[in-house]
Amino acid sequence: MNGLSVFAADAGEDINPLIPETYDIVWSVVCIAIIGVVFYKYVIPRLLKVLDERSDKIEGGIARAEAAQEEAQLTLQQYQQQLAEARLEASRIREDARTQGQQILAQMRADAQAESDRIVAAGQSQLEAQRQQILTELRSELGHTAVDLAEKIIGQSVSDEAKQAASIERFLTELDDESKAGIGVGR
C-alpha cells in the first residue's frame, strides 16, 4: 500500500479505488448496449419463438388429449350401448328358444297322444273285429254241435238247413238271455 499511496500522493489527487475511470464506464456501457441490441434482435425473438412453439405444443397436446378423452368416452358409451343391446338380444333369443322348445314339446306330446289314440283305436277295432269273428265262429261251431247233439238225441237227421238255422238261432238267443240274466243276478 505504500507504493500506491506514494503514487497517489504524486498525482495529487484523492483516488477512490471503488469508482472506475470514466473511459472504463463508457466502454462498458457501449459493450452492454451492443450485447443488448444483439440479444434484442436475435436471441429474444428466437427464444420467444421457441417458447411460443412449446406453448402451442403443450396447448395442442392438451387439446388432443381432451379430444382423445372425449372420443374414448364416446366409444365407451357406444360399447356400453352395444353391450346392453347384445344382452337384450341374447335374452330375446333365449326366450324365443324357450318358447319354441315348449311349442315343439307340446307338438310332440300332441303327436304322441294322437298316435297313441290311433294305436288304441286300431287295437280296439281289431279286438272288436276278432271278437266278432270269434263270436261268429263260436256260434257256427255251437250250432253244428247243437245240431249234432239234436240228431243224436232225436235219432234222425235234421237235414233242413232252414230248420237248422232257426234252431241254432233260437238256441243261441236262449243262451244269450241266460248269460245276460246271470250277469244281472251276479251284480
# chains A, B, ... in the order shown; residues from 1 in each chain; ligands from 1

call {"tool": "residues_around", "arguments": {"residues": "Phe171 of chain A", "least_positions_apart": "4", "cutoff": "10 Å", "atoms": "only C-alpha atoms", "output": "ChimeraX atom specification"}}
result
/A:139,142-143,146,165-167,175-177

call {"tool": "write_last_selection", "arguments": {"atoms": "N, CA and C atoms", "output": "tab-separated table (two decimals), in the first residue's frame"}}
result
chain	number	residue	atom	x	y	z
A	139	ARG	N	-120.52	-119.33	-32.72
A	139	ARG	CA	-121.94	-119.59	-32.99
A	139	ARG	C	-122.07	-120.72	-34.03
A	142	LEU	N	-121.00	-123.88	-32.32
A	142	LEU	CA	-122.01	-124.23	-31.32
A	142	LEU	C	-123.29	-124.72	-32.02
A	143	GLY	N	-123.61	-124.08	-33.13
A	143	GLY	CA	-124.80	-124.51	-33.89
A	143	GLY	C	-124.61	-125.90	-34.45
A	146	ALA	N	-124.79	-128.29	-31.65
A	146	ALA	CA	-126.17	-128.43	-31.20
A	146	ALA	C	-126.95	-129.33	-32.17
A	165	ALA	N	-130.86	-123.61	-39.04
A	165	ALA	CA	-130.52	-122.21	-38.75
A	165	ALA	C	-131.47	-121.65	-37.72
A	166	ALA	N	-132.77	-121.96	-37.82
A	166	ALA	CA	-133.76	-121.46	-36.86
A	166	ALA	C	-133.50	-122.06	-35.51
A	167	SER	N	-133.19	-123.33	-35.47
A	167	SER	CA	-132.92	-123.98	-34.19
A	167	SER	C	-131.66	-123.40	-33.55
A	175	LEU	N	-129.29	-118.89	-24.98
A	175	LEU	CA	-128.02	-118.81	-24.26
A	175	LEU	C	-127.67	-117.37	-23.91
A	176	ASP	N	-127.88	-116.47	-24.85
A	176	ASP	CA	-127.59	-115.05	-24.60
A	176	ASP	C	-128.48	-114.52	-23.49
A	177	ASP	N	-129.74	-114.88	-23.52
A	177	ASP	CA	-130.66	-114.40	-22.49
A	177	ASP	C	-130.26	-114.94	-21.13

call {"tool": "atom_distance", "arguments": {"atom1": "atom CA of Asp148 of chain A", "atom2": "atom CA of Ile168 of chain A"}}
result
11.1 Å

call {"tool": "atom_distance", "arguments": {"atom1": "atom CA of Glu21 of chain A", "atom2": "atom CA of Ala33 of chain A"}}
result
18.6 Å
